[in-house]
$ cat protein17.cif   # mmCIF, C-alpha atoms
data_structure
loop_
_atom_site.label_atom_id
_atom_site.label_comp_id
_atom_site.auth_asym_id
_atom_site.auth_seq_id
_atom_site.Cartn_x
_atom_site.Cartn_y
_atom_site.Cartn_z
CA MET Z 1 0.00 0.00 0.00
CA GLU Z 2 1.51 3.32 -1.08
CA PHE Z 3 1.56 5.97 1.62
CA GLU Z 4 2.36 9.67 1.44
CA PRO Z 5 5.25 10.98 3.57
CA LEU Z 6 4.29 12.47 6.92
CA LEU Z 7 4.39 16.26 7.15
CA GLY Z 8 4.02 16.97 10.86
CA ILE Z 9 7.29 15.43 12.02
CA TRP Z 10 9.22 18.16 10.17
CA THR Z 11 7.31 21.05 11.72
CA SER Z 12 7.10 19.90 15.34
CA ALA Z 13 9.57 20.75 18.09
CA VAL Z 14 9.74 17.23 19.49
CA GLN Z 15 12.08 14.29 19.13
CA VAL Z 16 9.75 11.75 17.58
CA HIS Z 17 10.29 8.06 18.33
CA PRO Z 18 9.23 5.50 15.70
CA TYR Z 19 6.54 3.90 17.88
CA GLN Z 20 4.86 7.32 18.27
CA LEU Z 21 4.15 7.44 14.53
CA VAL Z 22 1.98 4.30 14.58
CA PRO Z 23 -1.24 6.09 15.71
CA VAL Z 24 -0.55 8.89 13.21
CA VAL Z 25 -0.45 6.41 10.33
CA ARG Z 26 -3.51 4.60 11.69
CA ALA Z 27 -5.46 7.86 11.88
CA LEU Z 28 -4.54 8.80 8.31
CA GLN Z 29 -5.74 5.42 7.07
CA MET Z 30 -9.21 6.03 8.51
CA PRO Z 31 -11.75 7.90 6.34
CA ARG Z 32 -13.27 9.07 9.61
CA VAL Z 33 -10.92 8.95 12.61
CA SER Z 34 -12.21 6.83 15.50
CA LEU Z 35 -9.11 5.97 17.48
CA LEU Z 36 -8.57 4.77 21.05
CA LEU Z 37 -4.98 5.53 22.05
CA ALA Z 38 -4.48 3.35 25.13
CA ASP Z 39 -0.69 3.33 25.56
CA GLY Z 40 0.69 2.82 29.03
CA VAL Z 41 1.76 5.70 31.27
CA GLY Z 42 4.89 7.51 30.11
CA LEU Z 43 4.75 6.66 26.40
CA GLY Z 44 3.66 10.14 25.34
CA LYS Z 45 -0.03 10.02 24.49
CA THR Z 46 -0.16 13.83 24.49
CA ILE Z 47 2.74 14.01 22.03
CA GLN Z 48 1.16 11.40 19.78
CA SER Z 49 -2.12 13.30 19.88
CA GLY Z 50 -0.29 16.46 18.88
CA LEU Z 51 1.33 14.65 15.96
CA ILE Z 52 -2.09 13.43 14.79
CA LEU Z 53 -3.57 16.90 15.17
CA GLN Z 54 -0.74 18.58 13.31
CA GLU Z 55 -0.77 16.03 10.49
CA LEU Z 56 -4.53 16.38 9.95
CA ILE Z 57 -4.33 20.18 10.07
CA LEU Z 58 -1.44 20.32 7.60
CA ARG Z 59 -3.39 18.07 5.24
CA ARG Z 60 -6.42 20.38 5.69
CA LYS Z 61 -8.58 17.55 6.94
CA ILE Z 62 -9.53 19.36 10.15
CA ARG Z 63 -9.83 22.94 11.38
CA ARG Z 64 -12.14 23.12 14.42
CA VAL Z 65 -10.85 21.07 17.36
CA LEU Z 66 -12.10 20.56 20.91
CA ILE Z 67 -9.87 19.00 23.57
CA LEU Z 68 -11.84 17.70 26.55
CA CYS Z 69 -9.72 16.93 29.62
CA PRO Z 70 -9.62 17.16 33.43
CA ALA Z 71 -9.46 20.75 34.68
CA LEU Z 72 -5.94 20.35 36.08
CA LEU Z 73 -4.61 19.34 32.65
CA GLN Z 74 -6.03 22.23 30.61
CA ARG Z 75 -2.98 24.49 30.83
CA GLN Z 76 -0.62 21.58 30.29
CA TRP Z 77 -2.43 20.72 27.05
CA LYS Z 78 -2.36 24.35 25.95
CA ARG Z 79 1.36 24.65 26.69
CA GLU Z 80 2.28 21.36 25.00
CA MET Z 81 0.34 22.16 21.83
CA SER Z 82 1.83 25.65 21.63
CA LEU Z 83 5.48 24.93 22.43
CA LYS Z 84 5.85 21.60 20.66
CA PHE Z 85 3.49 21.92 17.70
CA ASN Z 86 2.90 25.66 17.30
CA LEU Z 87 -0.83 25.03 17.66
CA GLU Z 88 -2.61 27.73 19.64
CA PHE Z 89 -5.64 26.71 21.69
CA ASP Z 90 -7.94 28.84 23.85
CA ILE Z 91 -9.22 27.60 27.20
CA ILE Z 92 -12.94 28.09 27.77
CA ASP Z 93 -13.99 28.23 31.43
CA SER Z 94 -16.04 30.57 33.62
CA GLU Z 95 -13.24 33.15 33.78
CA SER Z 96 -12.57 33.26 30.04
CA THR Z 97 -16.32 33.31 29.29
CA PHE Z 98 -16.68 36.36 31.52
CA GLU Z 99 -13.80 38.08 29.71
CA ILE Z 100 -15.13 37.19 26.22
CA ARG Z 101 -18.54 38.62 27.03
CA ARG Z 102 -17.01 41.70 28.58
CA ARG Z 103 -15.15 42.40 25.34
CA LEU Z 104 -17.63 41.19 22.74
CA GLY Z 105 -21.00 41.59 24.41
CA ILE Z 106 -23.08 39.80 27.02
CA ASP Z 107 -24.90 37.68 24.41
CA THR Z 108 -21.69 36.31 22.86
CA ASN Z 109 -21.50 32.53 22.74
CA PRO Z 110 -17.91 31.66 23.75
CA TRP Z 111 -17.97 28.40 21.80
CA LYS Z 112 -18.16 30.37 18.54
CA ALA Z 113 -15.23 32.64 19.40
CA PHE Z 114 -12.29 30.30 18.61
CA PRO Z 115 -11.56 27.45 16.17
CA ARG Z 116 -9.43 25.44 18.63
CA ILE Z 117 -10.63 25.10 22.21
CA ILE Z 118 -9.63 23.30 25.41
CA THR Z 119 -12.19 22.84 28.17
CA SER Z 120 -12.65 20.64 31.21
CA MET Z 121 -15.02 17.70 31.26
CA ASP Z 122 -16.75 18.95 34.41
CA TYR Z 123 -17.19 22.48 33.08
CA LEU Z 124 -18.83 21.32 29.85
CA ARG Z 125 -21.20 18.96 31.68
CA MET Z 126 -22.79 21.89 33.56
CA PRO Z 127 -26.34 22.18 32.11
CA ASP Z 128 -26.18 25.85 31.09
CA VAL Z 129 -22.69 25.48 29.60
CA LEU Z 130 -23.68 22.34 27.68
CA GLN Z 131 -26.76 24.11 26.33
CA GLN Z 132 -24.61 27.00 25.05
CA PHE Z 133 -22.22 24.54 23.40
CA VAL Z 134 -25.02 22.69 21.60
CA GLN Z 135 -26.67 25.97 20.56
CA ALA Z 136 -23.38 27.17 19.07
CA SER Z 137 -23.29 24.08 16.84
CA GLY Z 138 -26.66 24.80 15.25
CA ILE Z 139 -27.37 21.04 15.21
CA ASP Z 140 -30.27 19.20 16.84
CA THR Z 141 -28.30 16.60 18.82
CA ALA Z 142 -31.44 14.77 19.91
CA SER Z 143 -32.41 14.20 16.27
CA ALA Z 144 -28.89 13.10 15.32
CA SER Z 145 -28.78 10.71 18.27
CA SER Z 146 -32.11 9.13 17.37
CA ASN Z 147 -30.89 8.51 13.83
CA GLY Z 148 -27.98 6.50 15.24
CA HIS Z 149 -25.30 8.23 13.19
CA ASP Z 150 -23.39 11.48 13.02
CA ALA Z 151 -25.16 14.68 12.09
CA PRO Z 152 -24.65 15.81 8.49
CA ALA Z 153 -21.97 18.48 8.08
CA ALA Z 154 -20.72 18.17 11.66
CA PRO Z 155 -19.81 21.67 12.92
CA TRP Z 156 -16.66 20.41 14.68
CA ASP Z 157 -13.90 18.48 12.98
CA LEU Z 158 -12.10 16.64 15.80
CA LEU Z 159 -12.87 15.76 19.41
CA VAL Z 160 -9.93 14.76 21.63
CA VAL Z 161 -10.97 13.21 24.96
CA ASP Z 162 -8.15 12.85 27.49
CA GLU Z 163 -8.60 10.39 30.37
CA CYS Z 164 -11.60 9.03 28.50
CA HIS Z 165 -12.21 6.28 31.08
CA ASN Z 166 -13.91 8.99 33.15
CA PHE Z 167 -16.78 8.89 30.65
CA ALA Z 168 -17.51 5.16 30.82
CA PRO Z 169 -21.02 4.34 32.12
CA GLN Z 170 -21.14 2.77 35.57
CA ASN Z 171 -23.53 0.07 34.34
CA SER Z 172 -26.11 -0.50 31.61
CA ARG Z 173 -28.87 1.31 33.51
CA ARG Z 174 -27.02 4.19 35.03
CA ALA Z 175 -24.92 6.72 33.15
CA SER Z 176 -22.85 9.43 34.78
CA GLN Z 177 -23.33 13.11 33.94
CA ARG Z 178 -20.05 13.00 32.03
CA HIS Z 179 -21.22 10.03 29.99
CA GLN Z 180 -24.56 11.66 29.22
CA MET Z 181 -22.83 14.88 28.19
CA LEU Z 182 -20.43 13.13 25.81
CA ARG Z 183 -23.23 10.98 24.45
CA GLU Z 184 -25.13 14.16 23.55
CA ILE Z 185 -22.28 16.03 21.83
CA ARG Z 186 -20.47 13.15 20.06
CA PHE Z 187 -22.57 13.65 16.92
CA LEU Z 188 -21.20 17.16 16.52
CA PHE Z 189 -17.73 15.86 15.57
CA GLU Z 190 -16.50 14.31 12.35
CA HIS Z 191 -13.48 12.63 14.00
CA ARG Z 192 -12.86 11.35 17.54
CA LEU Z 193 -9.63 10.56 19.38
CA PHE Z 194 -9.89 9.01 22.87
CA LEU Z 195 -6.90 8.76 25.24
CA SER Z 196 -6.49 6.61 28.35
CA ALA Z 197 -3.86 4.36 29.89
CA THR Z 198 -6.68 2.44 31.62
CA PRO Z 199 -9.71 2.34 29.30
CA HIS Z 200 -11.03 -0.97 30.71
CA ASN Z 201 -12.09 -0.97 34.37
CA GLY Z 202 -12.83 -4.70 34.40
CA LYS Z 203 -16.51 -4.28 33.53
CA THR Z 204 -17.44 -5.12 29.96
CA VAL Z 205 -20.58 -2.97 30.12
CA SER Z 206 -18.51 0.10 31.00
CA PHE Z 207 -15.91 -0.62 28.33
CA THR Z 208 -18.39 -1.25 25.52
CA GLY Z 209 -20.27 1.87 26.65
CA LEU Z 210 -17.05 3.83 26.21
CA LEU Z 211 -16.45 2.28 22.78
CA GLU Z 212 -19.98 3.22 21.75
CA LEU Z 213 -19.13 6.86 22.51
CA LEU Z 214 -16.04 6.55 20.32
CA ASP Z 215 -17.75 4.84 17.38
CA PRO Z 216 -21.52 4.22 17.62
CA VAL Z 217 -21.51 2.53 14.21
CA ARG Z 218 -19.05 -0.21 15.18
CA PHE Z 219 -20.03 -0.66 18.84
CA GLN Z 220 -23.07 -0.89 21.07
CA ILE Z 221 -23.14 -1.30 24.83
CA HIS Z 222 -23.21 -5.01 25.79
CA ALA Z 223 -22.58 -7.15 28.85
CA GLN Z 224 -20.32 -9.41 26.74
CA MET Z 225 -18.04 -8.66 23.81
CA SER Z 226 -18.69 -10.71 20.69
CA ASP Z 227 -16.02 -11.90 18.26
CA HIS Z 228 -17.20 -9.17 15.90
CA ASP Z 229 -16.64 -6.58 18.66
CA ARG Z 230 -13.10 -7.85 19.22
CA VAL Z 231 -12.30 -7.57 15.53
CA ASN Z 232 -13.65 -4.02 15.47
CA LEU Z 233 -11.70 -3.17 18.62
CA GLU Z 234 -8.42 -4.07 16.91
CA GLU Z 235 -9.32 -1.64 14.12
CA VAL Z 236 -9.74 1.34 16.47
CA LYS Z 237 -7.27 0.55 19.27
CA VAL Z 238 -3.57 1.35 19.67
CA ARG Z 239 -2.11 0.01 22.91
CA ARG Z 240 1.55 -0.52 23.82
CA LEU Z 241 3.27 -0.84 27.20
CA LYS Z 242 6.83 0.09 28.08
CA GLU Z 243 7.72 -3.60 28.10
CA ASP Z 244 6.59 -3.86 24.47
CA ILE Z 245 8.72 -0.90 23.41
CA LYS Z 246 11.77 -2.23 25.25
CA LYS Z 247 11.32 -5.66 23.69
CA TYR Z 248 11.29 -4.42 20.10
CA THR Z 249 13.62 -1.41 20.39
CA LEU Z 250 17.41 -1.58 20.52
CA ARG Z 251 17.63 1.71 22.42
CA PRO Z 252 14.42 2.34 24.41
CA PRO Z 253 13.55 6.08 24.55
CA PHE Z 254 13.09 6.01 28.32
CA SER Z 255 14.90 4.80 31.41
CA ASP Z 256 13.68 2.85 34.39
CA PHE Z 257 12.58 4.93 37.36
CA LEU Z 258 15.00 5.41 40.23
CA ASP Z 259 13.97 4.85 43.82
CA PRO Z 260 12.51 8.04 45.37
CA LYS Z 261 14.79 10.02 47.65
CA GLU Z 262 13.63 12.40 50.34
CA ILE Z 263 15.23 15.86 50.33
CA ALA Z 264 14.79 18.17 53.30
CA VAL Z 265 13.74 21.75 52.45
CA ASP Z 266 14.33 24.69 54.77
CA LEU Z 267 11.49 27.20 54.49
CA THR Z 268 12.01 30.93 54.87
CA SER Z 269 9.98 32.86 57.44
CA ALA Z 270 7.81 34.29 54.63
CA GLU Z 271 7.11 30.78 53.30
CA VAL Z 272 6.20 29.55 56.78
CA GLU Z 273 3.80 32.48 57.14
CA LEU Z 274 2.26 31.66 53.75
CA PHE Z 275 1.76 27.98 54.64
CA THR Z 276 0.23 28.97 57.97
CA ALA Z 277 -2.17 31.39 56.29
CA MET Z 278 -3.20 28.76 53.73
CA ARG Z 279 -3.79 26.21 56.49
CA GLU Z 280 -5.98 28.71 58.34
CA TYR Z 281 -7.91 29.56 55.16
CA ARG Z 282 -8.52 25.89 54.44
CA LYS Z 283 -9.58 25.18 58.03
CA HIS Z 284 -12.25 27.88 58.15
CA GLY Z 285 -13.32 27.26 54.55
CA GLN Z 286 -13.94 23.57 55.23
CA ALA Z 287 -15.84 24.43 58.42
CA TYR Z 288 -18.09 26.70 56.37
CA LEU Z 289 -18.60 23.99 53.76
CA GLU Z 290 -19.61 21.39 56.35
CA SER Z 291 -22.28 23.74 57.70
CA SER Z 292 -23.64 24.73 54.27
CA GLY Z 293 -25.68 21.56 53.75
CA ASN Z 294 -25.01 21.59 49.98
CA ALA Z 295 -23.22 18.38 48.91
CA GLN Z 296 -22.10 19.71 45.51
CA GLU Z 297 -20.78 22.91 47.07
CA ARG Z 298 -18.84 20.89 49.64
CA TRP Z 299 -17.30 18.68 46.96
CA MET Z 300 -16.27 21.63 44.80
CA GLY Z 301 -14.89 23.52 47.79
CA HIS Z 302 -12.77 20.59 48.98
CA PHE Z 303 -11.46 20.19 45.43
CA VAL Z 304 -10.47 23.89 45.30
CA PHE Z 305 -8.65 23.66 48.63
CA SER Z 306 -6.81 20.57 47.44
CA VAL Z 307 -5.67 22.33 44.25
CA LEU Z 308 -4.52 25.42 46.17
CA THR Z 309 -2.52 23.28 48.60
CA LYS Z 310 -0.83 21.36 45.78
CA ARG Z 311 0.04 24.58 43.96
CA LEU Z 312 1.54 25.99 47.15
CA LEU Z 313 3.73 22.89 47.44
CA SER Z 314 4.84 23.46 43.83
CA GLY Z 315 6.17 26.92 44.64
CA SER Z 316 5.12 30.42 45.61
CA PHE Z 317 4.97 31.68 42.00
CA ALA Z 318 2.71 28.83 40.86
CA PHE Z 319 0.53 29.34 43.93
CA ALA Z 320 0.27 33.11 43.37
CA ARG Z 321 -1.11 32.66 39.85
CA THR Z 322 -3.62 30.02 40.96
CA TRP Z 323 -4.64 32.03 44.01
CA TRP Z 324 -5.29 35.13 41.92
CA ARG Z 325 -7.48 33.20 39.46
CA HIS Z 326 -9.33 31.66 42.41
CA TYR Z 327 -9.85 35.07 44.00
CA ILE Z 328 -11.13 36.67 40.77
CA THR Z 329 -13.46 33.71 40.12
CA CYS Z 330 -14.91 34.04 43.62
CA LEU Z 331 -15.59 37.74 43.11
CA MET Z 332 -17.27 37.12 39.75
CA ARG Z 333 -19.44 34.25 40.89
CA SER Z 334 -20.19 35.52 44.40
CA THR Z 335 -19.90 31.97 45.70
CA MET Z 336 -19.52 30.77 49.26
CA LEU Z 337 -15.74 31.02 48.95
CA SER Z 338 -15.92 34.75 48.25
CA SER Z 339 -17.86 35.20 51.47
CA ILE Z 340 -15.09 33.38 53.30
CA ILE Z 341 -12.53 35.73 51.77
CA ALA Z 342 -14.59 38.75 52.74
CA GLY Z 343 -15.13 37.44 56.28
CA TRP Z 344 -11.61 36.35 57.00
CA LYS Z 345 -8.85 38.91 56.62
CA ILE Z 346 -6.10 36.54 55.65
CA ARG Z 347 -3.06 37.96 53.98
CA LEU Z 348 -1.69 35.58 51.39
CA ALA Z 349 1.35 37.23 49.89
CA ALA Z 350 4.36 35.74 48.25
#
$ encode --input "protein17.cif" --output "structure tokens"
Amino acid sequence: MEFEPLLGIWTSAVQVHPYQLVPVVRALQMPRVSLLLADGVGLGKTIQSGLILQELILRRKIRRVLILCPALLQRQWKREMSLKFNLEFDIIDSESTFEIRRRLGIDTNPWKAFPRIITSMDYLRMPDVLQQFVQASGIDTASASSNGHDAPAAPWDLLVVDECHNFAPQNSRRASQRHQMLREIRFLFEHRLFLSATPHNGKTVSFTGLLELLDPVRFQIHAQMSDHDRVNLEEVKVRRLKEDIKKYTLRPPFSDFLDPKEIAVDLTSAEVELFTAMREYRKHGQAYLESSGNAQERWMGHFVFSVLTKRLLSGSFAFARTWWRHYITCLMRSTMLSSIIAGWKIRLAA
């Protein structure tokens, strides 16, 4: 089979290893990309996704792209795509939506503002946000879903779903909000690329439910996989482990991990004061959350405190940026956390 030379490897700022080109070639061989990239941890699924993206863009097969990922990975995806592939993406969240509407008008739909977007799976599943996204497409997703195939002239070209195992249904009768959201919007995309090091959680119903989201033509949710399903799975799946790469490569592109070593760190007086202030903020914030009686608010608040603590452990500069975004978001949304900030005069300064 004659195959055209790849274009993306010459325009990317990455050292490409031969095994990373396999999913690129597989994607190009598909008239409509439906690919599950299930490589083990550390094999560069983000890099391989970038290579696929860049190749399809250079060949003018795609233009509008949505990357759906956990909130903590949004900026990493944006940075990787920009620095390594010169592909600029815009993050859509509550803060950026506020800024877009401030500049362009209160009625502006943020999902129409950019051709390449990154957003978090839990932001897009919010009912009002999901409604705006569907409205921006101009497609009746309910009608497309009932037809059992993709909508004609899909408004988006490619959907990339990172950590796609988070969208697998819990069982045949109960679907998570994430699963329901992805099930509704999947028909808006011509091509789909799913990423996960652990796509199978041991439950066939969950796995086939995930495959149905990837390719509803080839797969349907079942309690057991048929021989036909297994054949189809091999057509859409790329999975390698580090052991596989080592076995078939003379010089593996990675080294074995060293044993962890503890290193003592002496904090300055300013850093001690900052950690103390953060601990106090978290203590009173969690006390407020426990008394609020709202389960969703408590979950979101605990998540925010966890992120802030991790960023503080990363360094004062990283924490300062995250803290400022957190503070601005609280002021805009007038949530329970903003009332904590107003009530407690805690000085968090680098």
$ closest_residue --input "protein17.cif" --among "Z:Leu193, Z:Ile185, Z:Ala136, Z:Ile91" --to "Z:Arg26" --atoms "all atoms listed in the file"
Z:Leu193
$ resolve_selection --input "protein17.cif" --expression "the PyMOL selection byres ((chain Z and resi 210) around 8)" --output "MDAnalysis selection string"
chainID Z and resid 164:165 167:169 206:209 211:214
$ write_last_selection --input "protein17.cif" --atoms "C-alpha atoms" --output "PDB file, in the coordinates of the input"
ATOM      1  CA  CYS Z 164     -11.600   9.030  28.500  1.00  0.00           C
ATOM      2  CA  HIS Z 165     -12.210   6.280  31.080  1.00  0.00           C
ATOM      3  CA  PHE Z 167     -16.780   8.890  30.650  1.00  0.00           C
ATOM      4  CA  ALA Z 168     -17.510   5.160  30.820  1.00  0.00           C
ATOM      5  CA  PRO Z 169     -21.020   4.340  32.120  1.00  0.00           C
ATOM      6  CA  SER Z 206     -18.510   0.100  31.000  1.00  0.00           C
ATOM      7  CA  PHE Z 207     -15.910  -0.620  28.330  1.00  0.00           C
ATOM      8  CA  THR Z 208     -18.390  -1.250  25.520  1.00  0.00           C
ATOM      9  CA  GLY Z 209     -20.270   1.870  26.650  1.00  0.00           C
ATOM     10  CA  LEU Z 211     -16.450   2.280  22.780  1.00  0.00           C
ATOM     11  CA  GLU Z 212     -19.980   3.220  21.750  1.00  0.00           C
ATOM     12  CA  LEU Z 213     -19.130   6.860  22.510  1.00  0.00           C
ATOM     13  CA  LEU Z 214     -16.040   6.550  20.320  1.00  0.00           C
TER      14      LEU Z 214
END
$ resolve_selection --input "protein17.cif" --expression "the PyMOL selection byres ((chain Z and resi 84) around 9)" --output "count of residues only"
13
$ atom_distance --input "protein17.cif" --atom1 "atom CA of Z:Leu68" --atom2 "atom CA of Z:Val161"
4.8 Å
$ residues_near_point --input "protein17.cif" --point "(-1.3, 1.7, 25.8)" --cutoff "8 Å" --atoms "only C-alpha atoms" --output "ChimeraX atom specification"
/Z:37-41,43,196-198,238-241
$ closest_residue --input "protein17.cif" --among "Z:Met225, Z:Leu313, Z:Ile245, Z:Val304" --to "Z:His17" --atoms "only C-alpha atoms"
Z:Ile245
$ residues_around --input "protein17.cif" --residues "Z:Pro155" --least-positions-apart "2" --cutoff "12 Å" --atoms "all atoms listed in the file" --output "PyMOL selection string"
chain Z and resi 62-66+111-112+115+133-141+150-153+157-159+185-191
$ decode --input "protein17.cif" --residues "stretch 277-307 of chain Z" --atoms "N, CA and C atoms" --output "short mmCIF file (atom, residue, chain, number, x, y, z; two decimals), in the first residue's frame"
data_model
loop_
_atom_site.label_atom_id
_atom_site.label_comp_id
_atom_site.auth_asym_id
_atom_site.auth_seq_id
_atom_site.Cartn_x
_atom_site.Cartn_y
_atom_site.Cartn_z
N ALA Z 277 -0.98 30.68 56.75
CA ALA Z 277 -2.17 31.39 56.29
C ALA Z 277 -3.06 30.48 55.44
N MET Z 278 -2.43 29.68 54.57
CA MET Z 278 -3.20 28.76 53.73
C MET Z 278 -3.89 27.70 54.58
N ARG Z 279 -3.19 27.20 55.60
CA ARG Z 279 -3.79 26.21 56.49
C ARG Z 279 -5.00 26.79 57.22
N GLU Z 280 -4.88 28.05 57.64
CA GLU Z 280 -5.98 28.71 58.34
C GLU Z 280 -7.16 28.93 57.39
N TYR Z 281 -6.86 29.34 56.17
CA TYR Z 281 -7.91 29.56 55.16
C TYR Z 281 -8.66 28.26 54.86
N ARG Z 282 -7.90 27.19 54.73
CA ARG Z 282 -8.52 25.89 54.44
C ARG Z 282 -9.36 25.42 55.62
N LYS Z 283 -8.86 25.62 56.83
CA LYS Z 283 -9.58 25.18 58.03
C LYS Z 283 -10.95 25.84 58.13
N HIS Z 284 -10.99 27.16 58.01
CA HIS Z 284 -12.25 27.88 58.15
C HIS Z 284 -13.15 27.67 56.92
N GLY Z 285 -12.53 27.53 55.75
CA GLY Z 285 -13.32 27.26 54.55
C GLY Z 285 -14.04 25.92 54.64
N GLN Z 286 -13.33 24.89 55.11
CA GLN Z 286 -13.94 23.57 55.23
C GLN Z 286 -15.02 23.56 56.31
N ALA Z 287 -14.81 24.32 57.38
CA ALA Z 287 -15.84 24.43 58.42
C ALA Z 287 -17.11 25.05 57.85
N TYR Z 288 -16.93 26.07 57.02
CA TYR Z 288 -18.09 26.70 56.37
C TYR Z 288 -18.80 25.72 55.45
N LEU Z 289 -18.01 24.95 54.70
CA LEU Z 289 -18.60 23.99 53.76
C LEU Z 289 -19.41 22.92 54.49
N GLU Z 290 -18.91 22.44 55.61
CA GLU Z 290 -19.61 21.39 56.35
C GLU Z 290 -20.94 21.89 56.90
N SER Z 291 -21.04 23.18 57.15
CA SER Z 291 -22.28 23.74 57.70
C SER Z 291 -23.25 24.22 56.62
N SER Z 292 -22.81 24.18 55.35
CA SER Z 292 -23.64 24.73 54.27
C SER Z 292 -24.80 23.82 53.90
N GLY Z 293 -24.60 22.50 54.07
CA GLY Z 293 -25.68 21.56 53.75
C GLY Z 293 -25.82 21.25 52.27
N ASN Z 294 -24.96 21.82 51.42
CA ASN Z 294 -25.01 21.59 49.98
C ASN Z 294 -23.88 20.64 49.59
N ALA Z 295 -24.23 19.41 49.19
CA ALA Z 295 -23.22 18.38 48.91
C ALA Z 295 -22.31 18.77 47.75
N GLN Z 296 -22.90 19.32 46.67
CA GLN Z 296 -22.10 19.71 45.51
C GLN Z 296 -21.15 20.84 45.85
N GLU Z 297 -21.63 21.80 46.65
CA GLU Z 297 -20.78 22.91 47.07
C GLU Z 297 -19.62 22.40 47.91
N ARG Z 298 -19.90 21.45 48.79
CA ARG Z 298 -18.84 20.89 49.64
C ARG Z 298 -17.79 20.19 48.79
N TRP Z 299 -18.25 19.40 47.81
CA TRP Z 299 -17.30 18.68 46.96
C TRP Z 299 -16.42 19.64 46.18
N MET Z 300 -17.03 20.66 45.59
CA MET Z 300 -16.27 21.63 44.80
C MET Z 300 -15.30 22.40 45.67
N GLY Z 301 -15.75 22.77 46.89
CA GLY Z 301 -14.89 23.52 47.79
C GLY Z 301 -13.68 22.72 48.22
N HIS Z 302 -13.89 21.44 48.58
CA HIS Z 302 -12.77 20.59 48.98
C HIS Z 302 -11.79 20.40 47.82
N PHE Z 303 -12.32 20.32 46.60
CA PHE Z 303 -11.46 20.19 45.43
C PHE Z 303 -10.60 21.44 45.25
N VAL Z 304 -11.21 22.62 45.43
CA VAL Z 304 -10.47 23.89 45.30
C VAL Z 304 -9.36 23.97 46.34
N PHE Z 305 -9.67 23.61 47.58
CA PHE Z 305 -8.65 23.66 48.63
C PHE Z 305 -7.50 22.69 48.34
N SER Z 306 -7.84 21.54 47.78
CA SER Z 306 -6.81 20.57 47.44
C SER Z 306 -5.88 21.11 46.35
N VAL Z 307 -6.47 21.76 45.34
CA VAL Z 307 -5.67 22.33 44.25
C VAL Z 307 -4.77 23.44 44.78
#
